[in-house]
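S.K.: Sharing a structure below in structure tokens format, with a few things to ask.
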Amino acid sequence: MSRDRWFTDLRGGLLPLLLAMLAASALALFGQYRVENARQELQTAQQRLTAAHHALAAARDDQLIMPIYAALYRGLQQQQVIRDSAPDFRTLIEAQRPLALELHYTLSPALAEPGVGPFALMRHPLHLQLELLHEARLLELLDGLRATGWFMLDRCTLQPGEQALHADCTGSWLTLERHASP
């Protein structure tokens with residue numbers, strides 16, 4: 001056998017073998033690529049599943065808590081803390097007039113404080129000057145002011161007079177008012 005023929009036979013057998021090895025390597029790389037993609041998709045799916053489980057747990061917790069919040073919300077509505085608009089504080093103050101010998105007041109415009117969600121926190125400042133028979137009347141009057149909203153007394157100065165007790169008090173009502181719907 002001549003050397004050229006042996007080389008030709010070898011070349012004829014090597015070429016298909018080389019092509020087969022090249023195809024096998026390409027298939028192995030493609031398989032590795034597919035395995036890596038599948039692994040990443042699995043990891044993404046597991047992360048989404050975990051997030052869905054957390055969201056479901058939070059929704060179940062909310063479902064348990066919502067009746068408590070609803071009861072608190074209804075209570076605040078009954079106290080007229082949560083309202084669509086500011087209550088008529090002047091009428092409320094005038095209803096307390098029988099408890100005082102003299103009653104003078106200044107109701108300042110409402111001041112908006114930083115709100116929460118769909119509500120605006122409103123502060124309604126009040127300055128009272130009263131002539132009272134005794135301190136118990138002042139306490140009754142302040143309880144009457146607390147009948148609507150949250151009334152907070154900032155300060156109150158009492159001075160005895162000849163005929164009555166003079167009280168100079170400042171405070172504010174806090175209310176939550178719904179923002180106007182667009």
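Naming scheme: A, B, ... for chains in displayed order of the structure tokens; residues 1 onward per chain; ligands 1 onward as shown.
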Region 132-178 of chain A near region 66-77 of chain A within 12 Å: what's each residue's closest atom pair and its distance in Å to one decimal, counting only C-alpha atoms, ordered by chain then ascending residue number, as CSV?
M.R.:
residue,atom,partner,partner_atom,distance
A:Ala147,CA,A:Leu76,CA,11.6
A:Thr148,CA,A:Gln77,CA,9.9
A:Gly149,CA,A:Leu76,CA,8.1
A:Trp150,CA,A:Leu76,CA,9.4
A:Leu174,CA,A:Leu76,CA,11.5
A:Thr175,CA,A:Leu76,CA,9.4
A:Leu176,CA,A:Leu76,CA,9.2
A:Glu177,CA,A:Gln77,CA,10.5
A:Arg178,CA,A:Gln77,CA,11.5
S.K.: Within region 52-103 of chain A, find each residue whose DSSP state, derived from the backbone, is strand (DSSP E or B), and express the selection as a list in words.
M.R.: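 Restricting region 52-103 of chain A to strand (DSSP E or B) produces Ile82, Arg83, Glu102 and Leu103 of chain A.
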S.K.: Save the residues we just selected, N, CA and C atoms, as a PDB file, in the first residue's frame?
M.R.:
ATOM      1  N   ILE A  82     -63.408  61.073  62.330  1.00  0.00           N
ATOM      2  CA  ILE A  82     -63.321  60.915  60.873  1.00  0.00           C
ATOM      3  C   ILE A  82     -64.600  61.468  60.286  1.00  0.00           C
ATOM      4  N   ARG A  83     -64.438  62.434  59.397  1.00  0.00           N
ATOM      5  CA  ARG A  83     -65.600  63.116  58.823  1.00  0.00           C
ATOM      6  C   ARG A  83     -65.316  63.462  57.371  1.00  0.00           C
ATOM      7  N   GLU A 102     -69.739  83.581  82.005  1.00  0.00           N
ATOM      8  CA  GLU A 102     -69.390  84.276  80.760  1.00  0.00           C
ATOM      9  C   GLU A 102     -68.509  83.351  79.947  1.00  0.00           C
ATOM     10  N   LEU A 103     -68.703  83.386  78.634  1.00  0.00           N
ATOM     11  CA  LEU A 103     -67.911  82.538  77.747  1.00  0.00           C
ATOM     12  C   LEU A 103     -67.567  83.339  76.502  1.00  0.00           C
TER      13      LEU A 103
END
S.K.: Please list as a PyMOL selection string every residue within 12 Å of Asp154 (chain A), counting only C-alpha atoms and excluding residues in the same chain fewer than 5 positions away.
M.R.: chain A and resi 125-128+142+168-173
S.K.: Quick one: pull the distance between CA of His104 (chain A) and CA of Ala167 (chain A), Å, one decimal.
M.R.: 10.5 Å
S.K.: Please compute the CA of His134 (chain A)-CA of Thr106 (chain A) distance, one decimal, in Å.
M.R.: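 Taking CA of His134 (chain A) as the start and CA of Thr106 (chain A) as the end point, the length is 22.2 Å.
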